[in-house]
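Enquirer: File model_39.cif follows (mmCIF, C-alpha atoms and all ligand atoms):
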```cif
data_model
#
loop_
_atom_site.group_PDB
_atom_site.id
_atom_site.type_symbol
_atom_site.label_atom_id
_atom_site.label_comp_id
_atom_site.auth_asym_id
_atom_site.auth_seq_id
_atom_site.Cartn_x
_atom_site.Cartn_y
_atom_site.Cartn_z
ATOM 1 C CA MET A 1 0.000 0.000 0.000
ATOM 2 C CA LYS A 2 2.678 2.397 1.028
ATOM 3 C CA LYS A 3 4.569 1.793 -2.202
ATOM 4 C CA ARG A 4 1.419 2.342 -4.271
ATOM 5 C CA ASN A 5 0.669 5.581 -2.441
ATOM 6 C CA LYS A 6 4.148 6.815 -3.159
ATOM 7 C CA GLY A 7 3.667 5.994 -6.834
ATOM 8 C CA VAL A 8 0.416 7.933 -6.997
ATOM 9 C CA VAL A 9 2.040 10.906 -5.309
ATOM 10 C CA ILE A 10 4.923 10.851 -7.773
ATOM 11 C CA ILE A 11 2.514 10.722 -10.724
ATOM 12 C CA LEU A 12 0.477 13.557 -9.232
ATOM 13 C CA VAL A 13 3.596 15.630 -8.691
ATOM 14 C CA LEU A 14 4.708 14.907 -12.253
ATOM 15 C CA VAL A 15 1.337 15.835 -13.723
ATOM 16 C CA PHE A 16 1.249 18.961 -11.590
ATOM 17 C CA THR A 17 4.770 19.963 -12.611
ATOM 18 C CA MET A 18 3.944 19.385 -16.261
ATOM 19 C CA ALA A 19 0.791 21.451 -15.949
ATOM 20 C CA ILE A 20 2.734 24.258 -14.292
ATOM 21 C CA SER A 21 5.492 24.202 -16.940
ATOM 22 C CA THR A 22 2.982 24.142 -19.788
ATOM 23 C CA MET A 23 1.228 27.090 -18.196
ATOM 24 C CA ALA A 24 4.535 28.867 -17.704
ATOM 25 C CA ILE A 25 5.505 28.345 -21.353
ATOM 26 C CA PHE A 26 2.068 29.476 -22.474
ATOM 27 C CA LEU A 27 2.166 32.537 -20.237
ATOM 28 C CA GLY A 28 5.685 33.263 -21.421
ATOM 29 C CA ILE A 29 4.582 33.267 -25.033
ATOM 30 C CA ARG A 30 1.592 35.450 -24.217
ATOM 31 C CA ALA A 31 3.773 37.792 -22.196
ATOM 32 C CA LYS A 32 6.172 38.112 -25.125
ATOM 33 C CA GLN A 33 3.274 38.800 -27.479
ATOM 34 C CA TYR A 34 1.984 41.457 -25.124
ATOM 35 C CA LEU A 35 5.423 42.951 -24.771
ATOM 36 C CA SER A 36 6.021 43.195 -28.516
ATOM 37 C CA LEU A 37 2.523 44.568 -29.062
ATOM 38 C CA PHE A 38 3.081 47.057 -26.284
ATOM 39 C CA SER A 39 6.484 48.172 -27.553
ATOM 40 C CA GLY A 40 4.965 48.498 -31.049
ATOM 41 C CA ILE A 41 2.237 50.748 -29.676
ATOM 42 C CA LYS A 42 4.788 52.638 -27.621
ATOM 43 C CA LYS A 43 6.963 53.185 -30.697
ATOM 44 C CA GLU A 44 3.986 54.303 -32.783
ATOM 45 C CA SER A 45 2.781 56.712 -30.136
ATOM 46 C CA GLU A 46 6.290 58.073 -29.691
ATOM 47 C CA ILE A 47 6.493 58.775 -33.446
ATOM 48 C CA GLU A 48 3.030 60.306 -33.338
ATOM 49 C CA ASN A 49 4.092 62.599 -30.485
ATOM 50 C CA ILE A 50 7.090 63.768 -32.494
ATOM 51 C CA ALA A 51 4.807 64.358 -35.503
ATOM 52 C CA GLU A 52 2.522 66.482 -33.334
ATOM 53 C CA MET A 53 5.540 68.417 -32.131
ATOM 54 C CA GLY A 54 6.328 68.991 -35.831
ATOM 55 C CA ILE A 55 2.918 70.676 -36.171
ATOM 56 C CA GLU A 56 3.895 73.129 -33.410
ATOM 57 C CA ILE A 57 7.203 73.827 -35.186
ATOM 58 C CA GLY A 58 5.182 74.352 -38.375
ATOM 59 C CA LYS A 59 2.939 76.901 -36.645
ATOM 60 C CA THR A 60 5.988 78.854 -35.483
ATOM 61 C CA LEU A 61 7.499 78.748 -38.986
ATOM 62 C CA LEU A 62 4.231 79.943 -40.463
ATOM 63 C CA ASP A 63 3.894 82.737 -37.940
ATOM 64 C CA THR A 64 7.417 83.996 -38.621
ATOM 65 C CA ALA A 65 6.995 83.783 -42.401
ATOM 66 C CA GLN A 66 3.719 85.698 -42.240
ATOM 67 C CA LYS A 67 4.875 88.389 -39.814
ATOM 68 C CA LYS A 68 8.042 89.097 -41.751
ATOM 69 C CA HIS A 69 6.241 88.803 -45.106
ATOM 70 C CA MET A 70 8.801 86.265 -46.183
ATOM 71 C CA ILE A 71 8.364 85.245 -49.790
ATOM 72 C CA SER A 72 9.419 81.645 -50.301
ATOM 73 C CA GLU A 73 11.118 80.476 -53.482
ATOM 74 C CA ASP A 74 8.022 78.479 -54.357
ATOM 75 C CA PRO A 75 5.115 80.776 -53.405
ATOM 76 C CA GLY A 76 2.438 79.010 -51.387
ATOM 77 C CA TYR A 77 4.790 76.437 -49.911
ATOM 78 C CA ILE A 78 7.153 76.269 -46.942
ATOM 79 C CA LYS A 79 9.263 73.127 -46.603
ATOM 80 C CA LYS A 80 11.592 72.149 -43.751
ATOM 81 C CA GLU A 81 13.370 68.962 -42.788
ATOM 82 C CA TYR A 82 14.838 68.056 -39.399
ATOM 83 C CA GLU A 83 16.682 65.078 -37.955
ATOM 84 C CA LEU A 84 16.006 64.058 -34.353
ATOM 85 C CA ASP A 85 17.161 60.890 -32.603
ATOM 86 C CA ASN A 86 17.532 58.964 -35.895
ATOM 87 C CA LYS A 87 14.112 60.107 -36.989
ATOM 88 C CA LYS A 88 13.381 62.303 -39.974
ATOM 89 C CA ILE A 89 10.784 65.054 -39.550
ATOM 90 C CA GLU A 90 9.420 66.606 -42.733
ATOM 91 C CA ILE A 91 7.259 69.689 -42.399
ATOM 92 C CA LEU A 92 5.259 71.055 -45.311
ATOM 93 C CA ILE A 93 3.036 74.106 -45.065
ATOM 94 C CA THR A 94 0.681 74.766 -47.952
ATOM 95 C CA ASP A 95 -1.165 78.017 -48.422
ATOM 96 C CA GLU A 96 -4.763 77.049 -49.176
ATOM 97 C CA ASN A 97 -5.718 80.608 -50.120
ATOM 98 C CA GLY A 98 -3.397 80.149 -53.105
ATOM 99 C CA LYS A 99 -5.902 77.639 -54.496
ATOM 100 C CA ILE A 100 -9.474 77.514 -55.740
ATOM 101 C CA ASN A 101 -12.075 75.991 -53.394
ATOM 102 C CA PRO A 102 -14.959 74.472 -55.406
ATOM 103 C CA ASN A 103 -16.942 73.923 -52.171
ATOM 104 C CA ARG A 104 -17.297 77.703 -51.892
ATOM 105 C CA ILE A 105 -18.992 77.993 -55.277
ATOM 106 C CA PHE A 106 -22.134 76.902 -53.439
ATOM 107 C CA GLY A 107 -23.454 79.440 -50.937
ATOM 108 C CA SER A 108 -25.170 78.649 -47.655
ATOM 109 C CA GLU A 109 -28.609 79.498 -49.092
ATOM 110 C CA LYS A 110 -30.255 76.849 -51.249
ATOM 111 C CA GLY A 111 -29.405 77.403 -54.911
ATOM 112 C CA GLU A 112 -27.013 80.265 -54.131
ATOM 113 C CA ILE A 113 -24.042 80.275 -56.526
ATOM 114 C CA HIS A 114 -20.910 82.405 -56.379
ATOM 115 C CA THR A 115 -20.704 83.115 -60.085
ATOM 116 C CA ARG A 116 -17.341 84.895 -59.969
ATOM 117 C CA LEU A 117 -15.670 81.931 -58.297
ATOM 118 C CA LEU A 118 -17.475 79.549 -60.665
ATOM 119 C CA GLU A 119 -16.038 81.439 -63.661
ATOM 120 C CA VAL A 120 -12.504 81.317 -62.274
ATOM 121 C CA TYR A 121 -12.908 77.628 -61.414
ATOM 122 C CA LYS A 122 -14.087 76.804 -64.958
ATOM 123 C CA ARG A 123 -11.286 78.854 -66.471
ATOM 124 C CA LEU A 124 -8.688 76.932 -64.455
ATOM 125 C CA PHE A 125 -9.768 73.677 -66.113
ATOM 126 C CA SER A 126 -9.489 75.216 -69.558
ATOM 127 C CA VAL A 127 -6.085 76.770 -68.685
ATOM 128 C CA MET A 128 -4.974 73.228 -67.756
ATOM 129 C CA GLY A 129 -6.306 71.910 -71.072
ATOM 130 C CA TYR A 130 -9.252 69.964 -69.644
ATOM 131 C CA THR A 131 -12.801 69.896 -70.975
ATOM 132 C CA GLU A 132 -15.963 70.709 -69.038
ATOM 133 C CA ASN A 133 -16.458 66.953 -68.472
ATOM 134 C CA LEU A 134 -14.071 67.228 -65.537
ATOM 135 C CA SER A 135 -15.183 70.562 -64.084
ATOM 136 C CA ASP A 136 -18.880 69.645 -64.385
ATOM 137 C CA ALA A 137 -18.355 66.152 -62.908
ATOM 138 C CA LEU A 138 -16.637 67.694 -59.869
ATOM 139 C CA LEU A 139 -19.492 70.206 -59.399
ATOM 140 C CA ASP A 140 -22.070 67.389 -59.703
ATOM 141 C CA TRP A 141 -20.095 65.441 -57.086
ATOM 142 C CA ILE A 142 -20.535 68.358 -54.662
ATOM 143 C CA ASP A 143 -23.958 69.859 -55.483
ATOM 144 C CA GLU A 144 -26.904 68.486 -53.560
ATOM 145 C CA ASP A 145 -29.098 67.571 -56.524
ATOM 146 C CA ASP A 146 -28.942 64.455 -58.674
ATOM 147 C CA ILE A 147 -29.442 66.249 -61.989
ATOM 148 C CA PRO A 148 -26.335 66.029 -64.190
ATOM 149 C CA ARG A 149 -24.903 69.229 -65.664
ATOM 150 C CA MET A 150 -24.449 69.507 -69.433
ATOM 151 C CA SER A 151 -21.083 67.667 -69.359
ATOM 152 C CA GLY A 152 -21.347 66.316 -65.819
ATOM 153 C CA ALA A 153 -22.204 63.004 -64.165
ATOM 154 C CA GLU A 154 -24.614 62.071 -61.398
ATOM 155 C CA SER A 155 -25.738 58.722 -59.918
ATOM 156 C CA THR A 156 -27.310 57.352 -63.141
ATOM 157 C CA PHE A 157 -23.985 57.691 -64.942
ATOM 158 C CA TYR A 158 -22.008 56.099 -62.100
ATOM 159 C CA ILE A 159 -24.388 53.122 -61.887
ATOM 160 C CA ALA A 160 -24.433 52.631 -65.663
ATOM 161 C CA SER A 161 -20.621 52.827 -65.811
ATOM 162 C CA GLY A 162 -20.183 50.134 -63.157
ATOM 163 C CA PHE A 163 -18.937 52.314 -60.282
ATOM 164 C CA SER A 164 -19.636 50.762 -56.870
ATOM 165 C CA TYR A 165 -20.612 54.189 -55.500
ATOM 166 C CA THR A 166 -22.444 57.352 -56.538
ATOM 167 C CA PRO A 167 -21.653 61.056 -55.914
ATOM 168 C CA PRO A 168 -22.022 61.954 -52.217
ATOM 169 C CA ASN A 169 -23.594 65.354 -53.030
ATOM 170 C CA ARG A 170 -21.700 67.157 -50.276
ATOM 171 C CA PRO A 171 -18.594 69.381 -50.042
ATOM 172 C CA LEU A 172 -15.270 67.849 -51.032
ATOM 173 C CA TYR A 173 -13.612 66.505 -47.881
ATOM 174 C CA SER A 174 -10.099 66.627 -49.311
ATOM 175 C CA PRO A 175 -8.716 67.298 -52.813
ATOM 176 C CA GLU A 176 -7.482 63.671 -52.967
ATOM 177 C CA GLU A 177 -11.163 62.703 -53.126
ATOM 178 C CA MET A 178 -11.156 63.934 -56.759
ATOM 179 C CA LEU A 179 -9.632 60.558 -57.682
ATOM 180 C CA LEU A 180 -13.053 58.977 -57.104
ATOM 181 C CA ILE A 181 -14.862 61.267 -59.555
ATOM 182 C CA ALA A 182 -15.794 60.024 -63.034
ATOM 183 C CA GLY A 183 -13.122 61.015 -65.563
ATOM 184 C CA PHE A 184 -10.400 61.910 -63.040
ATOM 185 C CA THR A 185 -7.177 59.890 -63.128
ATOM 186 C CA GLU A 186 -4.057 59.820 -60.996
ATOM 187 C CA ASN A 187 -2.173 61.836 -63.612
ATOM 188 C CA ILE A 188 -4.880 64.485 -63.685
ATOM 189 C CA VAL A 189 -5.077 64.758 -59.886
ATOM 190 C CA PHE A 190 -1.429 64.352 -58.869
ATOM 191 C CA GLY A 191 0.285 65.328 -62.116
ATOM 192 C CA ASN A 192 3.368 63.852 -63.742
ATOM 193 C CA GLU A 193 6.707 65.087 -65.028
ATOM 194 C CA GLU A 194 5.112 66.953 -67.899
ATOM 195 C CA LYS A 195 2.049 68.411 -66.263
ATOM 196 C CA LYS A 196 1.126 69.716 -62.811
ATOM 197 C CA GLY A 197 -1.727 67.948 -61.048
ATOM 198 C CA LEU A 198 -5.001 69.644 -60.111
ATOM 199 C CA ILE A 199 -4.041 69.029 -56.474
ATOM 200 C CA ASN A 200 -1.768 72.104 -56.829
ATOM 201 C CA PHE A 201 -4.709 74.374 -57.583
ATOM 202 C CA ILE A 202 -7.764 72.898 -55.846
ATOM 203 C CA THR A 203 -8.476 73.002 -52.121
ATOM 204 C CA SER A 204 -11.331 71.936 -49.873
ATOM 205 C CA PHE A 205 -10.218 74.166 -47.018
ATOM 206 C CA SER A 206 -10.460 77.931 -47.494
ATOM 207 C CA ASP A 207 -12.965 80.771 -47.480
ATOM 208 C CA GLY A 208 -12.939 80.768 -51.305
ATOM 209 C CA LYS A 209 -10.699 83.853 -51.533
ATOM 210 C CA ILE A 210 -7.565 83.659 -53.669
ATOM 211 C CA ASN A 211 -4.313 85.229 -52.536
ATOM 212 C CA VAL A 212 -2.443 86.650 -55.530
ATOM 213 C CA ASN A 213 0.762 86.594 -53.479
ATOM 214 C CA ALA A 214 0.575 82.842 -52.908
ATOM 215 C CA CYS A 215 -1.094 81.316 -55.947
ATOM 216 C CA GLN A 216 0.525 79.524 -58.870
ATOM 217 C CA PRO A 217 0.748 81.261 -62.293
ATOM 218 C CA GLU A 218 -2.007 78.932 -63.600
ATOM 219 C CA VAL A 219 -4.399 80.349 -61.001
ATOM 220 C CA LEU A 220 -3.434 83.918 -61.970
ATOM 221 C CA ASN A 221 -4.280 82.928 -65.519
ATOM 222 C CA ALA A 222 -7.643 81.529 -64.354
ATOM 223 C CA LEU A 223 -8.274 84.847 -62.579
ATOM 224 C CA GLY A 224 -8.081 86.507 -66.009
ATOM 225 C CA PHE A 225 -4.507 87.806 -66.122
ATOM 226 C CA SER A 226 -2.580 87.445 -69.374
ATOM 227 C CA VAL A 227 0.818 85.805 -69.739
ATOM 228 C CA ALA A 228 2.466 89.271 -69.814
ATOM 229 C CA ASP A 229 0.545 90.323 -66.646
ATOM 230 C CA ILE A 230 1.576 87.103 -64.891
ATOM 231 C CA GLU A 231 5.223 87.765 -65.648
ATOM 232 C CA LYS A 232 4.968 91.210 -64.040
ATOM 233 C CA ILE A 233 3.089 89.846 -61.004
ATOM 234 C CA THR A 234 5.394 86.900 -60.345
ATOM 235 C CA SER A 235 8.539 88.977 -60.757
ATOM 236 C CA GLU A 236 7.200 91.735 -58.455
ATOM 237 C CA ARG A 237 6.191 89.318 -55.712
ATOM 238 C CA THR A 238 9.667 87.795 -55.488
ATOM 239 C CA ARG A 239 10.763 91.233 -54.246
ATOM 240 C CA ARG A 240 7.830 92.315 -52.064
ATOM 241 C CA PRO A 241 4.221 91.335 -51.473
ATOM 242 C CA ILE A 242 1.988 92.858 -54.127
ATOM 243 C CA GLU A 243 -0.885 95.143 -53.195
ATOM 244 C CA GLU A 244 -4.056 96.325 -54.858
ATOM 245 C CA ARG A 245 -2.384 99.378 -56.395
ATOM 246 C CA PHE A 246 0.039 97.159 -58.268
ATOM 247 C CA LEU A 247 -2.716 94.982 -59.788
ATOM 248 C CA LEU A 248 -4.607 98.104 -60.869
ATOM 249 C CA GLU A 249 -1.484 99.203 -62.761
ATOM 250 C CA VAL A 250 -0.882 95.777 -64.293
ATOM 251 C CA ASN A 251 -4.396 95.092 -65.555
ATOM 252 C CA LYS A 252 -7.170 97.176 -64.083
ATOM 253 C CA GLU A 253 -9.981 95.521 -66.015
ATOM 254 C CA ALA A 254 -8.969 91.952 -65.134
ATOM 255 C CA TYR A 255 -8.439 92.859 -61.485
ATOM 256 C CA LEU A 256 -11.730 94.733 -61.020
ATOM 257 C CA ASN A 257 -13.558 91.755 -62.506
ATOM 258 C CA VAL A 258 -12.341 89.398 -59.766
ATOM 259 C CA ARG A 259 -11.739 91.946 -56.998
ATOM 260 C CA ASP A 260 -14.337 90.421 -54.636
ATOM 261 C CA ILE A 261 -12.581 87.055 -54.503
ATOM 262 C CA VAL A 262 -8.966 88.329 -54.457
ATOM 263 C CA VAL A 263 -6.988 88.839 -51.244
ATOM 264 C CA PHE A 264 -3.366 89.826 -50.609
ATOM 265 C CA LYS A 265 -2.868 87.860 -47.421
ATOM 266 C CA SER A 266 -3.761 84.268 -46.573
ATOM 267 C CA SER A 267 -5.731 82.871 -43.635
ATOM 268 C CA TYR A 268 -6.051 79.157 -44.461
ATOM 269 C CA PHE A 269 -3.109 76.771 -44.281
ATOM 270 C CA ILE A 270 -2.466 73.048 -43.990
ATOM 271 C CA ILE A 271 0.545 72.058 -41.925
ATOM 272 C CA SER A 272 1.691 68.505 -42.532
ATOM 273 C CA SER A 273 4.283 66.856 -40.322
ATOM 274 C CA CYS A 274 5.637 63.491 -41.343
ATOM 275 C CA VAL A 275 7.994 61.428 -39.143
ATOM 276 C CA THR A 276 9.911 58.375 -40.342
ATOM 277 C CA ASP A 277 12.253 56.269 -38.167
ATOM 278 C CA ILE A 278 15.162 54.071 -39.325
ATOM 279 C CA ASP A 279 12.903 50.983 -39.585
ATOM 280 C CA GLY A 280 10.616 52.882 -41.917
ATOM 281 C CA THR A 281 7.762 53.325 -39.430
ATOM 282 C CA ARG A 282 5.906 56.426 -40.573
ATOM 283 C CA LYS A 283 3.270 58.754 -39.143
ATOM 284 C CA GLU A 284 1.742 61.803 -40.742
ATOM 285 C CA VAL A 285 -0.229 64.450 -38.891
ATOM 286 C CA LYS A 286 -2.084 67.148 -40.829
ATOM 287 C CA ALA A 287 -3.395 70.255 -39.133
ATOM 288 C CA TYR A 288 -5.926 72.509 -40.886
ATOM 289 C CA VAL A 289 -5.165 75.938 -39.548
ATOM 290 C CA LYS A 290 -6.966 79.254 -39.743
ATOM 291 C CA ARG A 291 -4.718 82.202 -39.065
ATOM 292 C CA THR A 292 -5.712 85.775 -38.305
ATOM 293 C CA ASP A 293 -3.506 88.682 -37.189
ATOM 294 C CA LYS A 294 -4.186 87.744 -33.589
ATOM 295 C CA SER A 295 -4.702 84.004 -33.476
ATOM 296 C CA MET A 296 -3.958 80.643 -35.024
ATOM 297 C CA GLU A 297 -6.778 78.153 -34.703
ATOM 298 C CA THR A 298 -6.608 74.443 -35.577
ATOM 299 C CA ILE A 299 -9.908 73.601 -37.264
ATOM 300 C CA ARG A 300 -9.222 69.928 -37.987
ATOM 301 C CA MET A 301 -6.513 67.360 -37.374
ATOM 302 C CA ASP A 302 -5.938 64.190 -39.438
ATOM 303 C CA ILE A 303 -3.568 61.437 -38.297
ATOM 304 C CA ARG A 304 -2.522 58.534 -40.483
HETATM 305 CA CA CA A 401 -24.925 66.186 -57.260
#
```
Taking this structure as input, can you express it in the form of structure tokens?
Expert:
Amino acid sequence: MKKRNKGVVIILVLVFTMAISTMAIFLGIRAKQYLSLFSGIKKESEIENIAEMGIEIGKTLLDTAQKKHMISEDPGYIKKEYELDNKKIEILITDENGKINPNRIFGSEKGEIHTRLLEVYKRLFSVMGYTENLSDALLDWIDEDDIPRMSGAESTFYIASGFSYTPPNRPLYSPEEMLLIAGFTENIVFGNEEKKGLINFITSFSDGKINVNACQPEVLNALGFSVADIEKITSERTRRPIEERFLLEVNKEAYLNVRDIVVFKSSYFIISSCVTDIDGTRKEVKAYVKRTDKSMETIRMDIR
């Protein structure tokens, strides 16, 4: 009996030990999984924090550039790159008042249209060599009705053409959204070596005013200025910010025609801060900023 008891005890001890070791191994694996998950999250959040810090640096850069009326080499853009702790921080500030905002063609009242902005918007497409198919399709994408414009496209067209979606009939959320619109391609939206993309001229974030000190020559052309006028404007603004008086001298008729949508100072900017570490982990934070003489307000923040 005694011997048998001993045997049972040994077996029990063995089983117990095995159970404990199995549990230990299992827990060990789980612990390791948790640890790697946790360090991954920690790393991501660290990179995100640095990216958010980049936004603050961007705001300071923007403030300085605006206060000192600094004219950058490429009007409408400020670019900076920093290195911190083996991480690359790229800051890009774009001046959204240098672009045309199709959302603002539609007023807050039902059926209200800003005809001046509509004209300039349409002219931009023709300056870029595009037909009304594109400009009308984009307007149909935004306007609240489902009635296609002359060269546009609404839900019937999308369904018939095999799209899995139809126009949302609301303001453009971001210019990248143009890729979804019938007729728009990556080359048209983002451009290629030969031709600039519409992304350089179209915004979804501004009050609809166009800053002649920050816009691209193509937008000046869309505003109604001739090639000779544009040369005068772009050469003047490399020296000092242009003012109303200057535009009146350059081309009074063209300027007076678009006076109500032209400004000489910008209020809407997008600050993008992108951080990449040596393993290639990347985070981008975009801040949509409204700047006045007294304040700088972040309207929206996108993290990806
Ligand atoms: Ca529509």
Enquirer: For the PyMOL selection byres (((not hetatm)) within 7 of (chain A and resi 401)), applied here, can you spell out every residue it catches as a list of chain:residue names?
Expert: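 On the file shown, the PyMOL selection byres (((not hetatm)) within 7 of (chain A and resi 401)) covers A:Asp140, A:Trp141, A:Ile142, A:Asp143, A:Glu144, A:Asp145, A:Asp146, A:Ile147, A:Glu154, A:Pro167, A:Asn169.
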Enquirer: What's the 12 Å shell around stretch 86-89 of chain A, counting all atoms listed in the file, without same-chain residues fewer than 5 positions away, as number ranges by chain?
Expert: A: 43, 46-55, 57-58, 79-81, 272-285
Enquirer: Nearest to A:Ser295 among A:Ser267, A:Met23, A:Lys232, A:Val189, with distances taken over all atoms listed in the file: which residue is it?
Expert: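 Smallest separation from A:Ser295 among the options: A:Ser267.
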Enquirer: May I ask for the distance between atom CA of A:Gly98 and atom CA of A:Asn211, given in Å to one decimal place?
Expert: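 So the answer is 5.2 Å.
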Enquirer: For the structure shown, which residues end up in the PyMOL selection byres (((chain A and resi 60-62) around 12) and not hetatm)? Put them as a ChimeraX atom specification, please?
Expert: /A:53-59,63-72,76-80,91-95,266-272,289-292,296
Enquirer: Kindly give the distance, in Å, that separates atom CA of A:Gly7 and atom CA of A:Phe26, rounded to a single decimal.
Expert: 28.3 Å
Enquirer: At what distance in Å, to one decimal, does atom CA of A:Ala222 lie from atom CA of A:Arg116?
Expert: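 For atom CA of A:Arg116 relative to atom CA of A:Ala222, the distance reads 11.2 Å.
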Enquirer: Could you write out as a ChimeraX atom specification the residues that the PyMOL selection byres (((chain A and resi 186-188) around 10) and not hetatm) matches in the shown file?
Expert: /A:128,130,134,176,178-180,183-185,189-199
Enquirer: Considering only C-alpha atoms, can you say which of A:Phe38, A:Phe246, A:Phe201, A:Tyr165 comes closest to A:Pro102?
Expert: A:Phe201
Enquirer: Determine, counting all atoms listed in the file, which protein, DNA and RNA residues have an atom within 10 Å of an atom of A:Leu223; residues of the same chain fewer than 6 positions away are not included. Present the result as a short mmCIF file (atom, residue, chain, number, x, y, z; two decimals) with C-alpha atoms, keeping the file's coordinate frame.
Expert:
```cif
data_model
loop_
_atom_site.label_atom_id
_atom_site.label_comp_id
_atom_site.auth_asym_id
_atom_site.auth_seq_id
_atom_site.Cartn_x
_atom_site.Cartn_y
_atom_site.Cartn_z
CA ARG A 116 -17.34 84.90 -59.97
CA LEU A 117 -15.67 81.93 -58.30
CA GLU A 119 -16.04 81.44 -63.66
CA VAL A 120 -12.50 81.32 -62.27
CA TYR A 121 -12.91 77.63 -61.41
CA ARG A 123 -11.29 78.85 -66.47
CA LEU A 124 -8.69 76.93 -64.46
CA ILE A 210 -7.56 83.66 -53.67
CA VAL A 212 -2.44 86.65 -55.53
CA PRO A 217 0.75 81.26 -62.29
CA ALA A 254 -8.97 91.95 -65.13
CA TYR A 255 -8.44 92.86 -61.48
CA ASN A 257 -13.56 91.76 -62.51
CA VAL A 258 -12.34 89.40 -59.77
CA ARG A 259 -11.74 91.95 -57.00
CA ILE A 261 -12.58 87.06 -54.50
CA VAL A 262 -8.97 88.33 -54.46
#
```
Enquirer: I'd like the contact shell of A:Thr234 - 12 Å cut-off, all atoms listed in the file, skipping same-chain residues fewer than 6 positions apart - returned as a PyMOL selection string.
Expert: chain A and resi 71+73-75+212-221+225+227-228+240-242+246-247+250
Enquirer: Would you list the contacts of A:Lys99 as a ChimeraX atom specification, taking every protein, DNA or RNA residue within 6 Å and counting all atoms listed in the file, but skipping same-chain residues closer than 2 positions in sequence?
Expert: /A:96-97,201-203
Enquirer: Find, counting only C-alpha atoms, the residue in A:Lys265, A:Ser21, A:Lys209, A:Gly224 that gets nearest to A:Lys252.
Expert: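 So, comparing all the options, the nearest one is A:Gly224.
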